[in-house]
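S.K.: entry-v7.cif (mmCIF, C-alpha atoms and all ligand atoms) pasted underneath:
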data_data
loop_
_atom_site.label_atom_id
_atom_site.label_comp_id
_atom_site.auth_asym_id
_atom_site.auth_seq_id
_atom_site.Cartn_x
_atom_site.Cartn_y
_atom_site.Cartn_z
CA MET F 1 22.82 7.85 -4.97
CA ASN F 2 23.94 9.52 -8.24
CA ASN F 3 27.20 11.45 -8.60
CA PHE F 4 26.83 15.19 -8.17
CA ARG F 5 28.60 18.51 -7.98
CA PHE F 6 27.58 20.84 -5.18
CA HIS F 7 29.37 24.16 -5.57
CA VAL F 8 27.56 27.28 -4.42
CA TYR F 9 29.76 30.28 -3.80
CA THR F 10 27.07 32.86 -2.98
CA ASP F 11 27.88 34.85 0.16
CA VAL F 12 24.49 34.88 1.92
CA ARG F 13 23.89 37.57 4.53
CA PHE F 14 20.70 36.51 6.26
CA GLY F 15 18.67 38.38 8.86
CA LYS F 16 17.59 41.74 10.21
CA GLY F 17 19.60 44.75 9.12
CA GLN F 18 21.91 42.81 6.81
CA VAL F 19 21.43 45.47 4.14
CA GLU F 20 24.07 47.43 6.04
CA CYS F 21 26.60 45.00 4.47
CA LEU F 22 25.70 46.19 0.97
CA GLU F 23 28.68 48.43 0.38
CA GLU F 24 31.10 45.80 1.63
CA LEU F 25 29.59 43.30 -0.82
CA ILE F 26 29.57 45.66 -3.82
CA ALA F 27 32.98 47.31 -3.30
CA PRO F 28 35.23 44.49 -4.60
CA PHE F 29 33.63 44.68 -8.04
CA GLY F 30 33.90 48.38 -8.90
CA ARG F 31 32.14 51.74 -8.75
CA ASN F 32 29.63 51.52 -11.61
CA VAL F 33 26.49 49.76 -10.43
CA LEU F 34 23.34 48.91 -12.39
CA MET F 35 20.49 48.70 -9.89
CA VAL F 36 17.64 46.59 -11.28
CA TYR F 37 14.19 46.55 -9.71
CA GLY F 38 10.53 45.86 -10.46
CA GLY F 39 7.36 47.88 -10.60
CA GLY F 40 7.84 49.97 -7.50
CA SER F 41 7.34 47.85 -4.36
CA ILE F 42 10.84 48.80 -3.18
CA LYS F 43 9.95 52.48 -3.40
CA LYS F 44 6.90 51.91 -1.20
CA ASN F 45 8.68 49.89 1.50
CA GLY F 46 11.72 52.16 1.80
CA LEU F 47 14.31 49.76 0.41
CA TYR F 48 14.99 51.91 -2.66
CA ASP F 49 15.93 54.92 -0.53
CA LYS F 50 18.03 52.76 1.76
CA VAL F 51 20.06 51.35 -1.14
CA LYS F 52 20.59 54.81 -2.62
CA THR F 53 21.85 56.07 0.72
CA LEU F 54 24.18 53.12 1.27
CA LEU F 55 25.64 53.49 -2.24
CA ALA F 56 25.88 57.28 -2.18
CA GLY F 57 29.57 57.13 -3.14
CA TYR F 58 28.93 54.96 -6.22
CA ASN F 59 27.76 55.65 -9.75
CA VAL F 60 24.36 54.01 -9.56
CA PHE F 61 22.47 53.61 -12.84
CA GLU F 62 18.92 52.26 -12.72
CA LEU F 63 16.66 49.89 -14.59
CA GLY F 64 13.22 49.90 -12.98
CA GLY F 65 9.97 48.40 -14.20
CA VAL F 66 11.09 44.79 -14.61
CA GLU F 67 7.85 42.81 -14.96
CA PRO F 68 6.77 39.60 -13.23
CA ASN F 69 7.72 36.86 -15.72
CA PRO F 70 10.53 39.18 -16.89
CA LYS F 71 10.58 39.98 -20.56
CA ILE F 72 13.53 39.89 -22.95
CA THR F 73 12.76 43.53 -23.82
CA SER F 74 13.72 44.57 -20.25
CA VAL F 75 16.87 42.48 -20.48
CA ARG F 76 17.87 44.22 -23.69
CA GLU F 77 17.37 47.62 -22.03
CA GLY F 78 19.62 46.57 -19.15
CA VAL F 79 22.31 45.24 -21.45
CA ALA F 80 22.36 48.54 -23.35
CA ILE F 81 22.92 50.48 -20.12
CA CYS F 82 25.71 48.09 -19.06
CA LYS F 83 27.52 48.54 -22.36
CA LYS F 84 27.06 52.31 -22.51
CA GLU F 85 27.98 53.04 -18.89
CA GLN F 86 30.66 50.38 -18.44
CA ILE F 87 28.85 48.79 -15.55
CA ASP F 88 31.00 46.75 -13.12
CA VAL F 89 28.32 44.98 -11.10
CA VAL F 90 24.58 44.31 -11.39
CA LEU F 91 22.56 44.80 -8.21
CA ALA F 92 19.14 43.11 -8.28
CA VAL F 93 16.67 44.41 -5.68
CA GLY F 94 13.45 42.42 -5.74
CA GLY F 95 11.93 39.01 -6.33
CA GLY F 96 12.83 36.23 -8.72
CA SER F 97 11.81 38.20 -11.79
CA THR F 98 14.19 41.04 -11.01
CA ILE F 99 16.99 38.65 -10.12
CA ASP F 100 16.49 36.52 -13.23
CA ALA F 101 16.43 39.58 -15.47
CA SER F 102 19.62 40.76 -13.76
CA LYS F 103 21.33 37.47 -14.50
CA ALA F 104 20.42 37.68 -18.18
CA ILE F 105 21.57 41.32 -18.24
CA ALA F 106 24.87 40.39 -16.58
CA GLY F 107 25.36 37.72 -19.25
CA GLY F 108 24.22 39.91 -22.12
CA ALA F 109 26.62 42.67 -21.08
CA CYS F 110 29.53 40.34 -21.86
CA TYR F 111 28.04 38.94 -25.07
CA ASP F 112 28.17 40.41 -28.56
CA GLY F 113 24.82 39.21 -29.92
CA ASP F 114 21.19 39.46 -28.77
CA PRO F 115 20.77 38.30 -25.13
CA TRP F 116 17.85 36.08 -26.21
CA ASP F 117 20.57 33.79 -27.65
CA LEU F 118 21.69 33.11 -24.06
CA VAL F 119 18.17 32.09 -23.08
CA VAL F 120 17.76 29.73 -25.98
CA ASP F 121 21.26 28.25 -25.74
CA SER F 122 22.91 28.30 -22.32
CA SER F 123 26.21 27.06 -23.75
CA LYS F 124 26.69 30.60 -25.09
CA ILE F 125 26.87 32.02 -21.55
CA GLY F 126 30.52 32.69 -20.79
CA LYS F 127 31.83 35.46 -18.63
CA VAL F 128 29.12 37.50 -16.90
CA LEU F 129 29.21 40.66 -14.79
CA PRO F 130 29.17 40.00 -11.03
CA ILE F 131 25.64 39.85 -9.58
CA VAL F 132 24.62 40.92 -6.07
CA THR F 133 21.01 40.60 -4.90
CA ILE F 134 18.72 41.94 -2.20
CA LEU F 135 15.81 39.49 -2.03
CA THR F 136 12.27 40.72 -1.33
CA LEU F 137 10.15 37.63 -2.09
CA ALA F 138 10.59 34.06 -0.84
CA ALA F 139 9.92 31.80 -3.82
CA THR F 140 12.37 31.06 -6.60
CA GLY F 141 15.73 30.45 -4.93
CA SER F 142 17.25 32.63 -7.66
CA GLU F 143 19.24 34.38 -4.91
CA MET F 144 21.54 31.36 -4.65
CA ASN F 145 21.14 29.43 -7.88
CA LYS F 146 22.25 29.34 -11.49
CA ASN F 147 18.89 29.74 -13.23
CA ALA F 148 17.15 32.56 -15.04
CA VAL F 149 13.71 32.30 -16.62
CA ILE F 150 12.94 34.87 -19.32
CA SER F 151 9.83 35.39 -21.45
CA ASN F 152 9.42 36.48 -25.03
CA MET F 153 5.78 37.43 -25.49
CA GLU F 154 6.18 37.93 -29.25
CA THR F 155 6.85 34.23 -29.67
CA ASN F 156 4.92 32.96 -26.62
CA GLU F 157 8.07 31.48 -25.16
CA LYS F 158 9.04 31.36 -21.50
CA LEU F 159 12.35 29.57 -21.25
CA GLY F 160 14.77 28.74 -18.48
CA THR F 161 18.49 29.08 -18.97
CA SER F 162 21.24 28.17 -16.62
CA SER F 163 24.91 28.76 -15.98
CA HIS F 164 27.31 28.27 -13.12
CA TYR F 165 28.35 31.92 -13.78
CA PHE F 166 24.82 33.14 -13.03
CA LYS F 167 25.10 32.32 -9.33
CA PRO F 168 25.04 35.61 -7.44
CA GLN F 169 28.28 36.61 -5.75
CA ALA F 170 26.31 37.71 -2.71
CA SER F 171 22.69 37.87 -1.56
CA ILE F 172 21.18 39.86 1.25
CA CYS F 173 18.15 38.05 2.68
CA ASP F 174 16.36 40.12 5.30
CA PRO F 175 12.99 38.53 6.20
CA GLU F 176 11.67 41.97 7.24
CA TYR F 177 11.54 42.92 3.55
CA LEU F 178 8.85 40.25 3.11
CA TYR F 179 6.44 42.06 5.47
CA SER F 180 5.07 44.22 2.64
CA LEU F 181 4.23 41.26 0.39
CA PRO F 182 0.56 40.96 -0.61
CA ALA F 183 -1.07 37.70 0.56
CA LYS F 184 -1.29 36.56 -3.06
CA GLN F 185 2.50 36.68 -3.45
CA THR F 186 3.16 35.08 -0.07
CA ALA F 187 0.93 32.15 -1.02
CA ALA F 188 2.14 31.86 -4.61
CA GLY F 189 5.75 32.08 -3.43
CA THR F 190 5.18 29.24 -0.98
CA ALA F 191 3.56 27.11 -3.69
CA ASP F 192 6.62 27.74 -5.85
CA ILE F 193 8.99 26.68 -3.05
CA MET F 194 6.93 23.52 -2.51
CA SER F 195 6.88 22.77 -6.22
CA HIS F 196 10.67 23.06 -6.43
CA ILE F 197 10.86 20.53 -3.63
CA PHE F 198 8.34 18.16 -5.29
CA GLU F 199 10.20 18.32 -8.60
CA GLN F 200 13.33 17.01 -6.88
CA TYR F 201 11.69 14.73 -4.31
CA PHE F 202 9.56 12.81 -6.81
CA GLN F 203 12.34 11.35 -8.92
CA LYS F 204 13.39 7.85 -9.89
CA GLU F 205 16.54 7.69 -7.77
CA SER F 206 15.52 6.32 -4.39
CA GLY F 207 18.85 6.11 -2.55
CA ALA F 208 19.35 9.82 -1.86
CA TYR F 209 18.07 9.52 1.70
CA ILE F 210 19.62 12.75 2.96
CA SER F 211 18.21 14.88 0.14
CA ASP F 212 14.75 13.43 0.70
CA ARG F 213 14.76 14.07 4.44
CA PHE F 214 15.93 17.67 3.82
CA ALA F 215 13.09 17.99 1.30
CA GLU F 216 10.49 16.80 3.80
CA SER F 217 11.68 19.22 6.49
CA LEU F 218 11.48 22.14 4.06
CA LEU F 219 7.97 21.11 3.02
CA LYS F 220 6.94 20.97 6.68
CA ALA F 221 8.34 24.47 7.16
CA CYS F 222 6.22 25.78 4.28
CA ILE F 223 3.08 24.10 5.62
CA LYS F 224 3.70 25.41 9.14
CA TYR F 225 4.73 28.96 8.34
CA CYS F 226 2.79 30.08 5.26
CA PRO F 227 -0.54 30.25 7.14
CA ILE F 228 1.15 32.22 9.92
CA ALA F 229 2.70 34.68 7.46
CA LEU F 230 -0.72 35.13 5.84
CA GLN F 231 -2.35 35.84 9.21
CA GLU F 232 0.47 37.99 10.57
CA PRO F 233 2.48 39.49 7.68
CA ASP F 234 5.11 40.84 10.09
CA ASN F 235 5.75 37.59 11.95
CA TYR F 236 9.54 37.43 11.76
CA GLU F 237 9.87 33.73 12.54
CA ALA F 238 7.42 32.78 9.79
CA ARG F 239 9.02 35.07 7.20
CA ALA F 240 12.53 33.95 8.13
CA ASN F 241 11.72 30.27 7.80
CA LEU F 242 9.95 30.77 4.47
CA MET F 243 12.85 32.83 3.18
CA TRP F 244 15.46 30.24 4.12
CA ALA F 245 13.25 27.46 2.75
CA SER F 246 13.11 29.20 -0.63
CA THR F 247 16.89 29.50 -0.78
CA GLN F 248 17.55 25.91 0.29
CA ALA F 249 14.85 24.45 -1.93
CA LEU F 250 16.63 25.36 -5.13
CA ASN F 251 20.34 25.79 -4.61
CA GLY F 252 21.40 22.27 -5.57
CA LEU F 253 21.06 20.75 -2.12
CA LEU F 254 17.87 18.77 -2.75
CA SER F 255 18.95 17.44 -6.13
CA SER F 256 22.27 16.18 -4.76
CA GLY F 257 22.38 12.48 -5.59
CA LYS F 258 19.15 12.69 -7.54
CA GLY F 259 18.34 13.80 -11.08
CA GLY F 260 15.81 13.64 -13.86
CA ALA F 261 13.62 16.13 -15.64
CA TRP F 262 10.98 18.30 -13.99
CA THR F 263 7.28 18.16 -14.85
CA CYS F 264 5.01 20.83 -13.32
CA HIS F 265 7.42 23.67 -14.07
CA PRO F 266 7.56 22.96 -17.80
CA ILE F 267 3.76 22.82 -17.86
CA GLU F 268 3.42 26.05 -15.87
CA HIS F 269 5.90 27.85 -18.10
CA GLU F 270 3.49 27.31 -20.99
CA LEU F 271 0.61 28.76 -18.96
CA SER F 272 2.76 31.83 -18.33
CA ALA F 273 4.00 32.00 -21.91
CA TYR F 274 0.44 32.17 -23.25
CA TYR F 275 -1.41 33.88 -20.39
CA ASP F 276 1.30 35.65 -18.29
CA VAL F 277 -0.04 34.12 -15.05
CA THR F 278 1.58 34.20 -11.60
CA HIS F 279 4.11 31.36 -11.60
CA GLY F 280 3.27 29.94 -8.15
CA GLU F 281 -0.48 29.96 -8.82
CA GLY F 282 -0.08 28.03 -12.06
CA LEU F 283 2.06 25.49 -10.22
CA ALA F 284 -0.41 25.11 -7.34
CA ILE F 285 -3.23 24.40 -9.80
CA VAL F 286 -1.31 21.86 -11.86
CA THR F 287 0.47 20.02 -9.03
CA PRO F 288 -2.35 17.95 -7.45
CA ARG F 289 -3.69 17.08 -10.91
CA TRP F 290 -0.24 15.89 -11.96
CA MET F 291 0.08 13.87 -8.76
CA ARG F 292 -3.23 12.10 -9.37
CA HIS F 293 -2.37 11.53 -13.04
CA ILE F 294 0.86 9.68 -12.23
CA LEU F 295 -0.33 7.76 -9.17
CA SER F 296 0.18 4.07 -9.94
CA ASP F 297 1.70 0.90 -8.53
CA SER F 298 5.16 2.22 -9.34
CA THR F 299 4.72 5.60 -7.60
CA VAL F 300 2.30 4.86 -4.78
CA GLU F 301 4.99 3.99 -2.21
CA LYS F 302 6.69 7.36 -2.73
CA PHE F 303 3.42 9.25 -2.39
CA ALA F 304 2.59 7.30 0.76
CA GLU F 305 6.04 8.15 2.13
CA TYR F 306 5.28 11.81 1.39
CA GLY F 307 1.97 11.43 3.24
CA ARG F 308 3.52 9.81 6.29
CA ASN F 309 6.62 12.00 6.59
CA VAL F 310 5.20 15.38 5.61
CA TRP F 311 1.51 15.23 6.54
CA ASP F 312 1.85 12.75 9.44
CA ILE F 313 -0.86 10.55 7.89
CA GLN F 314 -1.17 7.26 9.79
CA GLU F 315 -2.88 5.08 7.18
CA GLU F 316 -1.56 1.64 6.34
CA ASP F 317 -3.24 1.24 2.95
CA VAL F 318 -0.69 2.84 0.63
CA TYR F 319 -3.23 4.02 -1.95
CA LYS F 320 -5.42 5.60 0.70
CA CYS F 321 -2.39 7.24 2.29
CA ALA F 322 -1.16 8.56 -1.08
CA ASN F 323 -4.58 9.96 -2.00
CA MET F 324 -4.96 11.60 1.40
CA ALA F 325 -1.57 13.27 0.92
CA ILE F 326 -2.53 14.58 -2.52
CA ASP F 327 -5.87 15.84 -1.18
CA ALA F 328 -4.05 17.53 1.71
CA THR F 329 -1.71 19.26 -0.75
CA GLU F 330 -4.63 20.61 -2.77
CA GLN F 331 -6.54 21.70 0.33
CA PHE F 332 -3.45 23.45 1.70
CA PHE F 333 -3.10 25.58 -1.43
CA LYS F 334 -6.82 26.35 -1.33
CA ASP F 335 -6.63 27.36 2.34
CA CYS F 336 -3.77 29.71 1.47
CA GLY F 337 -6.21 31.53 -0.83
CA ILE F 338 -4.78 30.35 -4.13
CA PRO F 339 -7.32 30.04 -6.97
CA MET F 340 -7.26 26.33 -7.72
CA THR F 341 -8.68 26.11 -11.24
CA LEU F 342 -7.33 27.42 -14.52
CA ARG F 343 -10.64 29.12 -15.26
CA GLU F 344 -10.27 31.23 -12.12
CA ILE F 345 -7.02 32.67 -13.49
CA GLY F 346 -8.51 33.34 -16.93
CA ILE F 347 -7.51 30.22 -18.84
CA ASP F 348 -10.02 28.20 -20.86
CA ASP F 349 -9.57 25.07 -22.96
CA SER F 350 -8.84 26.85 -26.26
CA LYS F 351 -5.02 26.59 -26.13
CA ILE F 352 -4.59 23.36 -24.20
CA ASP F 353 -3.32 21.33 -27.14
CA LEU F 354 -0.93 24.10 -28.15
CA MET F 355 0.45 24.39 -24.61
CA ALA F 356 0.77 20.62 -24.31
CA GLU F 357 2.66 20.48 -27.60
CA ASP F 358 5.06 23.25 -26.52
CA THR F 359 5.62 21.62 -23.13
CA ILE F 360 6.87 18.51 -24.90
CA LYS F 361 8.77 20.48 -27.55
CA TYR F 362 10.86 22.53 -25.12
CA ASN F 363 11.41 19.94 -22.38
CA ASN F 364 12.52 16.36 -21.92
CA LEU F 365 9.46 15.04 -20.16
CA ASP F 366 10.35 11.57 -21.36
CA GLN F 367 13.03 11.70 -18.62
CA ALA F 368 10.71 12.85 -15.84
CA TYR F 369 9.80 10.87 -12.72
CA VAL F 370 6.96 9.44 -14.79
CA ALA F 371 7.48 10.02 -18.50
CA LEU F 372 4.70 12.12 -20.03
CA ASN F 373 3.65 12.65 -23.61
CA LYS F 374 1.55 15.39 -25.18
CA GLU F 375 -1.73 13.62 -24.39
CA ASP F 376 -0.77 13.25 -20.73
CA VAL F 377 0.02 16.96 -20.44
CA ALA F 378 -3.22 17.92 -22.20
CA GLN F 379 -5.15 15.66 -19.81
CA ILE F 380 -3.47 17.22 -16.74
CA LEU F 381 -4.39 20.67 -18.07
CA ARG F 382 -8.00 19.60 -18.72
CA ASP F 383 -8.20 18.18 -15.21
CA SER F 384 -6.99 21.58 -13.98
CA LEU F 385 -9.75 23.56 -15.69
O1 LIG B 1 7.64 44.49 -9.29
P1 LIG B 1 7.43 44.90 -7.89
O2 LIG B 1 6.80 46.22 -7.73
O3 LIG B 1 8.69 44.75 -7.06
O4 LIG B 1 6.33 43.88 -7.28
C1 LIG B 1 6.52 42.50 -7.23
C2 LIG B 1 5.71 41.74 -8.27
O5 LIG B 1 4.55 42.44 -8.61
C3 LIG B 1 5.95 41.99 -5.94
N1 LIG B 1 6.88 42.06 -4.82
C4 LIG B 1 8.11 41.49 -4.72
N2 LIG B 1 8.63 41.71 -3.50
C5 LIG B 1 7.72 42.46 -2.82
C6 LIG B 1 6.62 42.69 -3.67
N3 LIG B 1 5.54 43.42 -3.27
C7 LIG B 1 5.55 43.92 -2.03
N4 LIG B 1 6.58 43.71 -1.16
C8 LIG B 1 7.67 42.98 -1.51
N5 LIG B 1 8.63 42.74 -0.62
O6 LIG B 1 5.62 40.63 -6.19
C9 LIG B 1 5.28 40.48 -7.56
C10 LIG B 1 5.94 39.24 -8.09
O7 LIG B 1 7.34 39.38 -8.12
P2 LIG B 1 8.25 38.34 -8.93
O8 LIG B 1 9.66 38.74 -8.79
O9 LIG B 1 7.69 38.16 -10.29
O10 LIG B 1 7.95 36.98 -8.14
P3 LIG B 1 8.80 35.67 -7.94
O11 LIG B 1 9.90 35.88 -6.98
O12 LIG B 1 7.82 34.63 -7.62
O13 LIG B 1 9.47 35.38 -9.35
C11 LIG B 1 8.76 34.74 -10.37
C12 LIG B 1 9.64 34.56 -11.59
O14 LIG B 1 10.76 33.69 -11.33
C13 LIG B 1 10.74 32.59 -12.24
C14 LIG B 1 9.28 32.43 -12.55
O15 LIG B 1 9.05 31.66 -13.69
C15 LIG B 1 8.85 33.89 -12.71
O16 LIG B 1 9.26 34.38 -13.96
N6 LIG B 1 11.42 31.44 -11.66
C16 LIG B 1 12.75 31.52 -11.46
C17 LIG B 1 13.48 30.45 -11.00
C18 LIG B 1 14.92 30.52 -10.78
N7 LIG B 1 15.58 31.62 -11.10
O17 LIG B 1 15.53 29.55 -10.33
C19 LIG B 1 12.86 29.16 -10.71
C20 LIG B 1 11.39 29.25 -10.56
O18 LIG B 1 10.86 27.97 -10.73
C21 LIG B 1 10.71 30.20 -11.48
O19 LIG B 1 10.48 29.63 -12.75
ZN ZN B 2 9.32 27.74 -9.65
#
Give the structure from this file in C-alpha cells form.
M.R.:
Amino acid sequence: MNNFRFHVYTDVRFGKGQVECLEELIAPFGRNVLMVYGGGSIKKNGLYDKVKTLLAGYNVFELGGVEPNPKITSVREGVAICKKEQIDVVLAVGGGSTIDASKAIAGGACYDGDPWDLVVDSSKIGKVLPIVTILTLAATGSEMNKNAVISNMETNEKLGTSSHYFKPQASICDPEYLYSLPAKQTAAGTADIMSHIFEQYFQKESGAYISDRFAESLLKACIKYCPIALQEPDNYEARANLMWASTQALNGLLSSGKGGAWTCHPIEHELSAYYDVTHGEGLAIVTPRWMRHILSDSTVEKFAEYGRNVWDIQEEDVYKCANMAIDATEQFFKDCGIPMTLREIGIDDSKIDLMAEDTIKYNNLDQAYVALNKEDVAQILRDSL
C-alpha cells in the first residue's frame, strides 16, 4: 500500500431537511454571500426560494446560469461580483458544474490575474473564499473534494484543477433534492460515479485491500439503486445511497494507498471540450471500450476479480469472467438508457486524431493503469463510434 494523506474537513449534513442548517453553516464566514446556481432547476423545485428565505438576513448576491461543463466566462463573471461586492462566502446550489464554477470563483476572488491561470496551473491557487454547497445531483463528488473542472470553448480546452483549499467547508446533501432529476442525469450521474471508482480501482498498486473492497461496495450500490431511482424518481433509499456513493467515490477514500493517472476521464474531457457532451454519457461510452482495449495477461486477474466481487460472476476461466464483467458493465449502462455510441451523441470520426492528441498532451497517460499512447486513445475512440 502506498503512502497517502487523507484530510477532508468538509462538514457534511446528510439527509431530509438538512437545508435548515444553512444559516448555521454560512454564519461563521460573514454576511455577504454569492449564491451560484445553474440554468433554473432550483427555481422549479423550490430550493431557490427556500435558500432565499433561510438567508433573509444576509446580503445575497446571485450568479445564475452556470452551464453544464462550466465555462471560464461564468467564472470571470462570478469573480467580478466577489471583488465588487466584497463577498465573504460562496454558496453553490446545484450539481458538479455549479460547485466547480464556485470553487474557481472562490479562488479567482483572491487572485490578481485571470482565473483561467488557476485552471491551467493549480500551484497558483492560494487563499480562496470559503465555499458551502447544497448538492442537487449525485455524480461528481465535488461536494467533498478538491477538484474543479472548467472549460474554455474558445480554445477547446476542458481542464481539471485541484487544490486542498477548494474543499468545501460544508455541504448539505439532501437526497430529496434529487427527485426532480431527469432520467438522463440520474443515469449519467451514476455512470460518472462508477467511472470515478474504476479510475481508482484499476490501478497498478494491488495491496490496497481496504480501498478496493470499499470500491466494490460502492459499485454494487450504483448497480442496485440506479435502476430503482430511474423507475421511482422519489425513492428515498435509492436516492440516498446514490448520493452517498457519489460523495464517497471521489473524496480521497478510494485512492488511499493507491495512485496513478486516470484514463477514461482524460479521454472524456476531450469529447466535452470539442462537443460539449454530458460528462457521464461520454464516460459510459468510452469505459467498456477502454476495458476491452487493455484486457491482457497482466490485467485479466483484476478484471476477473471485478467480475466475481461486483457482478457475482461464477466463472473459473479468468478471460471468460473478465469479458462477462465488461459486457455486464456495458449492458448496465445501456439498460439505464444511456446512448452507448459516440454517433448517438453527435460525434463522428472527424476529430478523433485531434482529441487523441490533446488527451496525451494534457495528461500523463504513460502513468495510467495501462500506459496509453495517442494511437491507443484514437483506437478506443474509434471503437466507441
Ligand atoms: O443547470 P440546472 O438548471 O441546475 O440543471 C442541471 C443541468 O442541466 C441539471 N440538474 C442538476 N440538479 C438537478 C437538475 N435538474 C433537475 N433537478 C435537479 N435536482 O442537471 C444538468 C447537469 O448538471 P451538472 O452540474 O452539469 O452535472 P454534474 O453534477 O454531472 O457535473 C458535471 C460537471 O462536473 C465535472 C464534469 O466534467 C462536468 O463539467 N466533474 C467534476 C469533478 C469534480 N469536481 O471532482 C469530477 C468529475 O469527474 C467531473 O469531471
Ligand atoms: Zn467524472
S.K.: Quick one: of F:Ala284, F:Val120, F:Leu129, F:Ile360, who's nearest to Phe333 of chain F, counting only C-alpha atoms?
M.R.: F:Ala284
S.K.: Please identify all protein, DNA and RNA residues within 7 Å of ligand ZN 2 (chain B), counting all atoms listed in the file, and report them as number ranges by chain.
M.R.: F: 140, 192-193, 195-196, 265, 279-280
S.K.: Of the candidates F:Glu232, F:Asp212, F:Asp11, F:Asp88, which one gets nearest to Pro28 of chain F if we count all atoms listed in the file?
M.R.: F:Asp88
S.K.: Between atom CA of Arg292 of chain F and atom CA of Glu216 of chain F, what is the distance, to one decimal in Å?
M.R.: 19.6 Å
S.K.: Just the residues within 10 Å of Lys361 of chain F, please, counting all atoms listed in the file, with nothing from its chain fewer than 5 positions along; format it as an mmCIF file with C-alpha atoms, in the coordinates of the input.
M.R.:
data_model
loop_
_atom_site.group_PDB
_atom_site.id
_atom_site.type_symbol
_atom_site.label_atom_id
_atom_site.label_comp_id
_atom_site.auth_asym_id
_atom_site.auth_seq_id
_atom_site.Cartn_x
_atom_site.Cartn_y
_atom_site.Cartn_z
ATOM 1 C CA MET F 355 0.450 24.390 -24.610
ATOM 2 C CA ALA F 356 0.770 20.620 -24.310
ATOM 3 C CA LYS F 374 1.550 15.390 -25.180
#
S.K.: Using all atoms listed in the file, pick whichever of F:Ala304, F:Val51, F:Leu178, F:Ala92 has the shortest atom-to-atom distance to ligand LIG 1 (chain B).
M.R.: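 So, comparing all the options, the nearest one is F:Leu178.
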S.K.: Which is closest to ligand LIG 1 (chain B) among F:Glu315, F:Glu375, F:Asp358, F:Glu199, if we use only C-alpha atoms and all ligand atoms?
M.R.: F:Glu199
S.K.: Can you work out the spacing between atom CA of Glu357 of chain F and atom CA of Pro266 of chain F in Å, to one decimal?
M.R.: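 Those two atoms sit 11.2 Å apart.
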S.K.: Segment 12-24 of chain F: which residues within 7 Å, counting all atoms listed in the file, same-chain residues fewer than 5 positions away excluded, as number ranges by chain?
M.R.: F: 54-55, 170-176
S.K.: Could you take the residues named above and write them with C-alpha atoms, as a short mmCIF file (atom, residue, chain, number, x, y, z; two decimals), in the frame of the given file?
M.R.:
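Output contents, as saved in result_9.cif:
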data_model
loop_
_atom_site.label_atom_id
_atom_site.label_comp_id
_atom_site.auth_asym_id
_atom_site.auth_seq_id
_atom_site.Cartn_x
_atom_site.Cartn_y
_atom_site.Cartn_z
CA LEU F 54 24.18 53.12 1.27
CA LEU F 55 25.64 53.49 -2.24
CA ALA F 170 26.31 37.71 -2.71
CA SER F 171 22.69 37.87 -1.56
CA ILE F 172 21.18 39.86 1.25
CA CYS F 173 18.15 38.05 2.68
CA ASP F 174 16.36 40.12 5.30
CA PRO F 175 12.99 38.53 6.20
CA GLU F 176 11.67 41.97 7.24
#
S.K.: At a cut-off of 10 Å around the point (14.9, 30.9, -13.0) (file coordinates), what residues fall inside when counting all atoms listed in the file? I'd like the answer as a count of residues only.
M.R.: 22
S.K.: If you count only C-alpha atoms, which residues fall within 7 Å of Leu91 of chain F, apart from same-chain ones fewer than 4 positions away, as a ChimeraX atom specification?
M.R.: /F:33-36,131-133
S.K.: So, counting all atoms listed in the file, which residue among F:Lys43, F:Lys50, F:Lys220, F:Lys302 is closest to ligand LIG 1 (chain B)?
M.R.: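 Counting all atoms listed in the file, the residue closest to ligand LIG 1 (chain B) is F:Lys43.
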S.K.: Got a sec: who's within 12 Å of Phe198 of chain F, counting only C-alpha atoms, leaving out chain neighbours fewer than 3 positions off, as a PyMOL selection string?
M.R.: chain F and resi 191-195+201-203+211-212+214-216+218-219+249-250+254-255+261-265+283-284+287-288+290-291+302-303+306+310+326+329+369
S.K.: Keeping only C-alpha atoms, write those residues as a short mmCIF file (atom, residue, chain, number, x, y, z; two decimals), keeping the file's coordinate frame.
M.R.:
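As a result, out-v3.cif now contains:
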data_model
loop_
_atom_site.label_atom_id
_atom_site.label_comp_id
_atom_site.auth_asym_id
_atom_site.auth_seq_id
_atom_site.Cartn_x
_atom_site.Cartn_y
_atom_site.Cartn_z
CA ALA F 191 3.56 27.11 -3.69
CA ASP F 192 6.62 27.74 -5.85
CA ILE F 193 8.99 26.68 -3.05
CA MET F 194 6.93 23.52 -2.51
CA SER F 195 6.88 22.77 -6.22
CA TYR F 201 11.69 14.73 -4.31
CA PHE F 202 9.56 12.81 -6.81
CA GLN F 203 12.34 11.35 -8.92
CA SER F 211 18.21 14.88 0.14
CA ASP F 212 14.75 13.43 0.70
CA PHE F 214 15.93 17.67 3.82
CA ALA F 215 13.09 17.99 1.30
CA GLU F 216 10.49 16.80 3.80
CA LEU F 218 11.48 22.14 4.06
CA LEU F 219 7.97 21.11 3.02
CA ALA F 249 14.85 24.45 -1.93
CA LEU F 250 16.63 25.36 -5.13
CA LEU F 254 17.87 18.77 -2.75
CA SER F 255 18.95 17.44 -6.13
CA ALA F 261 13.62 16.13 -15.64
CA TRP F 262 10.98 18.30 -13.99
CA THR F 263 7.28 18.16 -14.85
CA CYS F 264 5.01 20.83 -13.32
CA HIS F 265 7.42 23.67 -14.07
CA LEU F 283 2.06 25.49 -10.22
CA ALA F 284 -0.41 25.11 -7.34
CA THR F 287 0.47 20.02 -9.03
CA PRO F 288 -2.35 17.95 -7.45
CA TRP F 290 -0.24 15.89 -11.96
CA MET F 291 0.08 13.87 -8.76
CA LYS F 302 6.69 7.36 -2.73
CA PHE F 303 3.42 9.25 -2.39
CA TYR F 306 5.28 11.81 1.39
CA VAL F 310 5.20 15.38 5.61
CA ILE F 326 -2.53 14.58 -2.52
CA THR F 329 -1.71 19.26 -0.75
CA TYR F 369 9.80 10.87 -12.72
#
S.K.: Between F:Tyr48, F:Tyr37, F:Phe61, F:Tyr362, which has the minimum distance to ligand LIG 1 (chain B) (counting only C-alpha atoms and all ligand atoms)?
M.R.: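 Nearest candidate to ligand LIG 1 (chain B) out of F:Tyr48, F:Tyr37, F:Phe61, F:Tyr362: F:Tyr37.
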